[in-house]
$ cat protein_11.txt   # compact mmCIF, C-alpha atoms and all ligand atoms
# COMPACT_ATOMS: atom_id res chain seq x y z
CA MET A 1 -28.15 8.20 4.23
CA HIS A 2 -29.45 5.01 2.64
CA LEU A 3 -27.05 3.75 -0.06
CA SER A 4 -28.74 2.61 -3.25
CA GLU A 5 -27.97 -0.79 -4.81
CA SER A 6 -25.85 0.86 -7.52
CA GLU A 7 -23.53 2.49 -4.90
CA LEU A 8 -23.07 -0.19 -2.29
CA ILE A 9 -23.17 -3.28 -4.49
CA LEU A 10 -23.75 -6.62 -2.78
CA ASN A 11 -23.61 -10.04 -4.42
CA SER A 12 -26.56 -12.44 -4.07
CA ASP A 13 -25.00 -14.04 -0.96
CA GLY A 14 -24.73 -10.62 0.70
CA SER A 15 -20.98 -10.30 0.11
CA ILE A 16 -19.40 -7.07 -1.11
CA TYR A 17 -19.09 -6.73 -4.89
CA HIS A 18 -15.39 -7.18 -5.78
CA LEU A 19 -13.86 -8.67 -2.64
CA ASN A 20 -16.64 -11.29 -2.38
CA LEU A 21 -16.47 -11.05 1.43
CA LEU A 22 -19.07 -10.90 4.20
CA PRO A 23 -18.49 -8.64 7.21
CA GLU A 24 -17.60 -11.60 9.45
CA ASP A 25 -14.97 -12.87 6.97
CA VAL A 26 -12.35 -10.21 7.71
CA ALA A 27 -10.17 -9.48 10.74
CA GLN A 28 -9.44 -5.95 11.97
CA THR A 29 -5.74 -6.45 11.23
CA ILE A 30 -5.28 -6.88 7.49
CA ILE A 31 -2.12 -7.57 5.51
CA THR A 32 -2.32 -6.46 1.88
CA VAL A 33 -0.07 -7.93 -0.80
CA GLY A 34 -0.07 -7.21 -4.52
CA ASP A 35 0.35 -10.74 -5.80
CA PRO A 36 -2.47 -13.29 -5.14
CA ASP A 37 0.21 -16.01 -4.96
CA ARG A 38 1.72 -14.20 -1.98
CA VAL A 39 -1.47 -14.76 0.07
CA PRO A 40 -0.76 -18.47 0.83
CA GLU A 41 2.89 -17.55 1.42
CA VAL A 42 1.65 -15.41 4.31
CA SER A 43 -1.19 -17.60 5.58
CA LYS A 44 0.98 -20.75 5.68
CA HIS A 45 2.46 -19.18 8.83
CA PHE A 46 -0.95 -18.74 10.53
CA ASP A 47 -1.68 -21.13 13.41
CA GLU A 48 -4.96 -21.91 11.68
CA ILE A 49 -6.77 -20.68 8.56
CA GLU A 50 -10.53 -20.26 9.02
CA LEU A 51 -11.49 -18.83 5.62
CA LYS A 52 -10.30 -18.71 2.01
CA LYS A 53 -12.23 -16.72 -0.60
CA SER A 54 -11.31 -15.29 -4.00
CA LYS A 55 -12.73 -13.20 -6.82
CA ARG A 56 -10.69 -11.70 -9.69
CA GLU A 57 -7.29 -10.65 -8.25
CA PHE A 58 -8.69 -10.35 -4.72
CA CYS A 59 -7.79 -13.45 -2.73
CA THR A 60 -8.40 -13.44 1.04
CA HIS A 61 -7.30 -15.82 3.79
CA THR A 62 -8.33 -15.19 7.40
CA GLY A 63 -6.93 -16.99 10.41
CA HIS A 64 -5.05 -16.59 13.67
CA ILE A 65 -1.48 -15.95 14.71
CA GLY A 66 -1.47 -16.76 18.39
CA LYS A 67 -4.51 -14.96 19.79
CA LYS A 68 -4.61 -12.35 17.04
CA ARG A 69 -7.11 -12.72 14.21
CA VAL A 70 -5.52 -11.63 10.93
CA SER A 71 -6.57 -11.45 7.29
CA VAL A 72 -4.30 -11.35 4.26
CA ILE A 73 -5.75 -10.02 1.02
CA SER A 74 -4.26 -9.50 -2.42
CA THR A 75 -4.94 -6.16 -4.06
CA GLY A 76 -3.48 -6.83 -7.50
CA ILE A 77 -1.37 -4.04 -8.96
CA GLY A 78 -2.01 -0.32 -8.75
CA THR A 79 -3.99 2.32 -6.87
CA ASP A 80 -7.06 1.76 -9.06
CA ASN A 81 -7.34 -1.53 -7.16
CA ILE A 82 -6.50 0.18 -3.86
CA ASP A 83 -9.58 2.37 -4.34
CA ILE A 84 -11.70 -0.80 -4.51
CA VAL A 85 -9.98 -2.69 -1.70
CA LEU A 86 -9.93 0.17 0.83
CA ASN A 87 -13.52 1.27 0.13
CA GLU A 88 -14.86 -2.29 0.32
CA LEU A 89 -12.85 -3.26 3.43
CA ASP A 90 -14.09 -0.13 5.16
CA ALA A 91 -17.68 -0.84 4.11
CA LEU A 92 -17.46 -4.37 5.56
CA PHE A 93 -16.90 -2.81 8.99
CA ASN A 94 -18.46 0.62 8.88
CA ILE A 95 -21.61 0.17 6.79
CA ASP A 96 -24.59 -1.79 8.10
CA PHE A 97 -25.43 -4.07 5.14
CA GLU A 98 -29.03 -4.56 6.40
CA SER A 99 -30.03 -0.89 6.53
CA LYS A 100 -27.33 0.13 4.00
CA THR A 101 -26.40 3.06 6.20
CA GLU A 102 -23.17 4.18 7.83
CA ARG A 103 -22.65 2.86 11.36
CA ASN A 104 -22.43 5.47 14.14
CA GLN A 105 -19.66 3.56 15.89
CA LYS A 106 -16.69 3.16 13.52
CA THR A 107 -14.12 0.36 13.56
CA GLU A 108 -10.49 1.34 13.00
CA LEU A 109 -8.49 -1.21 11.00
CA ASN A 110 -4.76 -1.95 10.92
CA ILE A 111 -3.76 -2.21 7.25
CA ILE A 112 -0.22 -3.40 6.65
CA ARG A 113 1.14 -3.73 3.13
CA ILE A 114 3.84 -6.28 2.35
CA GLY A 115 4.98 -5.24 -1.12
CA THR A 116 7.94 -5.25 -3.45
CA SER A 117 9.65 -2.11 -4.64
CA GLY A 118 12.63 -0.62 -6.48
CA SER A 119 15.17 1.55 -4.66
CA ILE A 120 16.37 4.69 -6.43
CA GLN A 121 19.33 5.35 -4.11
CA LYS A 122 22.65 3.48 -4.47
CA ASP A 123 22.99 2.93 -0.71
CA ILE A 124 19.64 1.15 -0.35
CA PRO A 125 20.62 -2.24 -1.73
CA VAL A 126 18.47 -5.02 -3.10
CA ASP A 127 17.11 -7.38 -0.43
CA SER A 128 16.77 -4.61 2.16
CA VAL A 129 13.53 -3.94 4.04
CA LEU A 130 12.19 -0.40 3.77
CA ILE A 131 9.24 1.08 5.65
CA SER A 132 7.48 3.99 3.95
CA GLU A 133 7.44 6.86 6.41
CA VAL A 134 6.01 9.16 3.73
CA ALA A 135 4.38 8.21 0.42
CA ILE A 136 4.05 10.60 -2.49
CA GLY A 137 1.38 9.83 -5.06
CA LEU A 138 1.99 10.80 -8.68
CA GLU A 139 -0.89 8.67 -10.04
CA GLY A 140 -3.75 10.87 -8.85
CA LEU A 141 -6.13 8.64 -6.83
CA LEU A 142 -6.37 10.99 -3.86
CA HIS A 143 -7.32 13.93 -6.11
CA PHE A 144 -10.76 12.29 -6.35
CA TYR A 145 -11.44 12.58 -2.60
CA LYS A 146 -11.68 15.42 -0.08
CA PHE A 147 -8.38 15.02 1.68
CA SER A 148 -6.71 17.30 4.20
CA GLN A 149 -2.94 17.37 4.50
CA SER A 150 -0.93 18.54 7.55
CA PRO A 151 1.39 21.60 7.27
CA PHE A 152 4.32 19.17 6.81
CA GLN A 153 2.50 17.41 3.96
CA ILE A 154 1.55 20.72 2.31
CA ASN A 155 5.15 22.02 2.54
CA LEU A 156 6.54 18.84 1.05
CA GLN A 157 3.89 18.83 -1.67
CA GLU A 158 4.58 22.46 -2.59
CA SER A 159 8.33 22.00 -2.55
CA LEU A 160 8.17 18.86 -4.73
CA THR A 161 5.61 20.34 -7.15
CA GLN A 162 7.77 23.41 -7.71
CA TYR A 163 10.97 21.36 -8.02
CA LEU A 164 9.55 18.80 -10.47
CA ASN A 165 7.68 21.36 -12.56
CA TRP A 166 5.69 18.56 -14.22
CA SER A 167 2.22 20.15 -14.10
CA SER A 168 2.15 20.53 -17.89
CA ASN A 169 2.51 16.72 -17.99
CA ASN A 170 -0.55 16.47 -15.73
CA ILE A 171 1.53 15.18 -12.82
CA SER A 172 0.40 16.69 -9.55
CA PRO A 173 1.97 15.06 -6.46
CA TYR A 174 0.04 14.50 -3.23
CA VAL A 175 1.68 13.60 0.08
CA THR A 176 0.55 10.96 2.58
CA ILE A 177 2.14 9.56 5.74
CA GLY A 178 2.38 6.20 7.48
CA ASN A 179 0.62 5.77 10.82
CA ASP A 180 2.89 6.84 13.71
CA TYR A 181 1.92 3.99 16.03
CA LEU A 182 2.59 1.33 13.37
CA LEU A 183 5.80 3.06 12.28
CA ASN A 184 7.08 2.85 15.86
CA GLU A 185 6.03 -0.76 16.30
CA PHE A 186 7.56 -2.00 13.03
CA THR A 187 10.81 -0.01 12.93
CA SER A 188 13.97 -1.80 14.07
CA SER A 189 17.66 -2.20 13.21
CA GLN A 190 16.50 -4.58 10.44
CA THR A 191 14.53 -1.86 8.62
CA LYS A 192 15.25 1.37 6.80
CA ALA A 193 12.80 4.26 6.61
CA GLY A 194 12.09 6.19 3.46
CA TYR A 195 9.97 8.40 1.25
CA THR A 196 8.18 6.22 -1.30
CA VAL A 197 6.87 7.40 -4.65
CA THR A 198 3.76 5.61 -5.91
CA ASN A 199 2.95 5.83 -9.59
CA ALA A 200 0.52 4.49 -12.17
CA GLY A 201 2.81 2.03 -13.96
CA PHE A 202 5.98 -0.03 -13.80
CA TYR A 203 7.75 1.11 -16.98
CA GLY A 204 7.35 4.73 -18.16
CA PRO A 205 5.82 5.85 -14.83
CA GLN A 206 8.90 4.52 -13.01
CA GLY A 207 11.36 5.91 -15.59
CA ARG A 208 12.02 2.52 -17.25
CA ARG A 209 12.66 2.51 -20.96
CA ILE A 210 12.35 -0.63 -23.05
CA ARG A 211 11.04 0.45 -26.48
CA LEU A 212 8.85 3.47 -25.78
CA SER A 213 10.23 6.98 -25.44
CA PRO A 214 9.36 8.74 -22.18
CA THR A 215 8.00 12.28 -22.19
CA LEU A 216 10.18 13.11 -19.18
CA ASN A 217 13.80 12.16 -19.91
CA ASP A 218 14.95 13.30 -16.47
CA PHE A 219 12.14 11.55 -14.50
CA PHE A 220 14.35 9.17 -12.56
CA GLU A 221 17.29 11.52 -11.97
CA LYS A 222 15.03 14.31 -10.81
CA LEU A 223 13.31 12.14 -8.20
CA ARG A 224 16.68 10.76 -7.08
CA ALA A 225 18.18 14.23 -6.54
CA PHE A 226 15.21 15.76 -4.66
CA ARG A 227 15.86 16.79 -1.04
CA PHE A 228 13.40 18.05 1.59
CA GLN A 229 14.71 18.92 5.06
CA ASN A 230 17.54 16.39 4.57
CA ASN A 231 15.10 13.69 3.44
CA ARG A 232 15.15 12.07 0.02
CA ILE A 233 12.95 9.86 -2.10
CA THR A 234 14.07 6.28 -1.58
CA ASN A 235 11.91 3.94 -3.66
CA LEU A 236 9.23 3.48 -6.31
CA GLU A 237 6.19 1.22 -6.32
CA MET A 238 2.49 1.30 -7.20
CA GLU A 239 0.17 1.23 -4.13
CA THR A 240 1.49 2.85 -0.95
CA ALA A 241 0.34 6.47 -1.35
CA GLY A 242 -3.15 5.28 -2.26
CA ILE A 243 -3.29 3.02 0.80
CA TYR A 244 -1.99 5.73 3.14
CA GLY A 245 -4.31 8.41 1.78
CA MET A 246 -7.45 6.26 1.70
CA ALA A 247 -6.72 4.76 5.15
CA HIS A 248 -6.25 8.24 6.61
CA ILE A 249 -9.51 9.66 5.28
CA LEU A 250 -11.46 6.54 6.24
CA GLY A 251 -9.99 6.56 9.77
CA HIS A 252 -7.70 3.51 9.62
CA LYS A 253 -4.04 2.94 10.49
CA ALA A 254 -1.76 1.93 7.61
CA LEU A 255 1.86 0.99 7.09
CA SER A 256 3.75 -0.15 4.00
CA ILE A 257 6.72 -2.49 4.26
CA ASN A 258 8.75 -2.90 1.09
CA ALA A 259 11.02 -5.76 0.05
CA ILE A 260 13.53 -3.93 -2.13
CA LEU A 261 13.99 -6.18 -5.16
CA ALA A 262 15.49 -3.74 -7.68
CA ASN A 263 18.13 -1.08 -7.32
CA ARG A 264 17.50 1.30 -10.18
CA ALA A 265 20.59 3.40 -9.47
CA THR A 266 23.00 0.45 -9.78
CA GLY A 267 20.93 -1.57 -12.25
CA ASN A 268 20.76 -4.63 -9.94
CA PHE A 269 17.84 -6.99 -9.35
CA SER A 270 17.67 -9.37 -6.37
CA LYS A 271 19.13 -12.85 -6.91
CA LYS A 272 16.82 -14.22 -4.20
CA PRO A 273 13.47 -12.34 -4.43
CA GLN A 274 11.39 -15.11 -2.79
CA LYS A 275 13.79 -15.33 0.17
CA THR A 276 13.66 -11.58 0.66
CA ILE A 277 9.85 -11.53 0.49
CA GLU A 278 9.74 -14.42 2.98
CA LYS A 279 12.02 -12.41 5.32
CA VAL A 280 9.59 -9.47 5.17
CA ILE A 281 6.60 -11.77 5.74
CA MET A 282 8.19 -13.35 8.83
CA TYR A 283 9.24 -9.96 10.19
CA THR A 284 5.75 -8.51 9.67
CA LEU A 285 3.93 -11.45 11.26
CA GLU A 286 6.18 -11.32 14.32
CA LYS A 287 5.48 -7.60 14.75
CA ILE A 288 1.72 -8.07 14.19
CA GLU A 289 1.61 -10.68 16.96
CA GLY A 290 3.03 -8.09 19.34
CA LEU A 291 0.58 -5.29 18.46
CA SER A 292 -1.60 -4.18 21.35
CA SER A 293 -4.36 -2.76 19.13
O1 LIG B 301 4.79 -6.82 -5.11
P1 LIG B 301 3.60 -5.93 -5.08
O2 LIG B 301 2.97 -5.90 -3.74
O3 LIG B 301 2.61 -6.19 -6.18
O4 LIG B 301 4.17 -4.43 -5.31
C1 LIG B 301 4.95 -4.00 -6.39
O5 LIG B 301 5.09 -4.93 -7.46
C2 LIG B 301 4.19 -4.62 -8.54
C3 LIG B 301 4.99 -4.38 -9.80
O6 LIG B 301 5.80 -5.46 -10.11
C4 LIG B 301 3.43 -3.38 -8.08
O7 LIG B 301 2.21 -3.78 -7.50
C5 LIG B 301 4.37 -2.78 -7.08
O8 LIG B 301 3.82 -1.88 -6.16
O1 LIG B 302 11.23 -1.51 -9.47
C1 LIG B 302 10.23 -2.00 -8.94
C2 LIG B 302 10.26 -3.26 -8.29
C3 LIG B 302 9.10 -3.75 -7.75
N1 LIG B 302 7.96 -3.04 -7.86
C4 LIG B 302 7.92 -1.84 -8.50
O2 LIG B 302 6.85 -1.22 -8.60
N2 LIG B 302 9.06 -1.36 -9.02
$ encode --input "protein_11.txt" --output "structure tokens"
Amino acid sequence: MHLSESELILNSDGSIYHLNLLPEDVAQTIITVGDPDRVPEVSKHFDEIELKKSKREFCTHTGHIGKKRVSVISTGIGTDNIDIVLNELDALFNIDFESKTERNQKTELNIIRIGTSGSIQKDIPVDSVLISEVAIGLEGLLHFYKFSQSPFQINLQESLTQYLNWSSNNISPYVTIGNDYLLNEFTSSQTKAGYTVTNAGFYGPQGRRIRLSPTLNDFFEKLRAFRFQNNRITNLEMETAGIYGMAHILGHKALSINAILANRATGNFSKKPQKTIEKVIMYTLEKIEGLSS
């Protein structure tokens, strides 16, 4: 099917609309970060940087770590941006920009998020590193795509939906999972594994209260107390479920690595957020260098 110019939008230099990138600008292994200022914090560790491009909140650096070509791209905050970043990254590889048609031979990307997050369990302290084994979306992005869930995902979704009983608040959880291969490669004694909840905001949608009154007074406590086959929800952030869901339906591998900066159960915030983020960056780059695919 030929994509019209209103669907696959290219800039005058042939680059894709929001990311401002040409197909040759991006590596098949891509680190995503929320904060554009985190991009140089990652790429300063590359052996060489071949490309730097930016538009809006989307800043990309591409280079090499050893023999591996890697890109780091900022997504900004939220799954609305994840919709843009994942669709456009996929198009750069899997759409022929000349004919504006889908390629027969697809390229599978490695998409690895280095993000920050708040723990909701007392025993997951600030400054720990948590890999999202499962990500539960409360913000709704995946409801806009045809998306099949495994029996495990359906069971967890049904159990959580019934337990939360938030459908009258228009909250309808979906369940996504991290890629098995990447989970294995990145898990070590330095990491914890968890179930991450992704939502549409930082304050009300994460149960924070500054001046506004939440509609769900028990939001935080309810998520904290949920159990599914001895598993619990560990942390809150704003992108992972969107990344996992979109990567899965587009045929890419994805993993989300969280620097835990806040502990919502104890009320603590990290005293050394930059150091903790740097620890996660170094850990991730070391693991990426060792990936075989
Ligand atoms: O640090 P990043 O990667 O932006 O991730 C987290 O931090 C932001 C909120 O402060 C949200 O994007 C959340 O997911
Ligand atoms: O509590 C937190 C900390 C970082 N990022 C979030 O989304 N929430």
$ residues_near_ligand --input "protein_11.txt" --ligand "ligand LIG 301 (chain B)" --cutoff "10 Å" --atoms "only C-alpha atoms and all ligand atoms" --output "ChimeraX atom specification"
/A:32-36,38,74-79,81,113-118,197-203,236-240,256-261,277
$ closest_residue --input "protein_11.txt" --among "A:Asp180, A:Asp127, A:Asp37, A:Asp218" --to "ligand LIG 302 (chain B)" --atoms "all atoms listed in the file"
A:Asp127
$ residues_around --input "protein_11.txt" --residues "A:Asn263" --least-positions-apart "2" --cutoff "10 Å" --atoms "all atoms listed in the file" --output "list of chain:residue names"
A:Ser117, A:Gly118, A:Ser119, A:Ile120, A:Gln121, A:Lys122, A:Asp123, A:Ile124, A:Pro125, A:Val126, A:Asp127, A:Asn235, A:Ile260, A:Leu261, A:Ala265, A:Thr266, A:Gly267, A:Asn268, A:Phe269, A:Ser270
$ closest_residue --input "protein_11.txt" --among "A:Ala225, A:Leu182, A:Asn217, A:Pro205" --to "ligand LIG 302 (chain B)" --atoms "all atoms listed in the file"
A:Pro205
$ atom_distance --input "protein_11.txt" --atom1 "atom CA of A:Ile112" --atom2 "atom C3 of ligand LIG 302 (chain B)"
17.2 Å
$ closest_residue --input "protein_11.txt" --among "A:Leu3, A:Ile111, A:Ala241, A:Met246" --to "A:Asp83" --atoms "only C-alpha atoms"
A:Met246
$ residues_near_point --input "protein_11.txt" --point "(-20.7, 1.6, 10.8)" --cutoff "9 Å" --atoms "only C-alpha atoms" --output "PyMOL selection string"
chain A and resi 90-96+101-107
$ residues_near_point --input "protein_11.txt" --point "(0.4, -13.8, 14.5)" --cutoff "10 Å" --atoms "only C-alpha atoms" --output "PyMOL selection string"
chain A and resi 43+45-47+63-70+282+284-291
$ closest_residue --input "protein_11.txt" --among "A:Gln206, A:Ser15, A:Asn20, A:Ser213" --to "ligand LIG 302 (chain B)" --atoms "only C-alpha atoms and all ligand atoms"
A:Gln206
$ atom_distance --input "protein_11.txt" --atom1 "atom CA of A:Thr62" --atom2 "atom CA of A:Ile49"
5.8 Å
$ axis_aligned_box --input "protein_11.txt" --around "ligand LIG 302 (chain B)" --padding-each-side "6 Å" --output "lines of an AutoDock Vina configuration file"
center_x = 9.0
center_y = -2.5
center_z = -8.6
size_x = 16.4
size_y = 14.5
size_z = 13.7
$ atom_distance --input "protein_11.txt" --atom1 "atom CA of A:Glu50" --atom2 "atom CA of A:Asp13"
18.6 Å
$ closest_residue --input "protein_11.txt" --among "A:Leu19, A:Glu278, A:Ile84, A:Ser293" --to "A:Glu41" --atoms "only C-alpha atoms"
A:Glu278
$ closest_residue --input "protein_11.txt" --among "A:Thr60, A:Thr215, A:Gln229, A:Asn179" --to "A:Gly251" --atoms "only C-alpha atoms"
A:Asn179
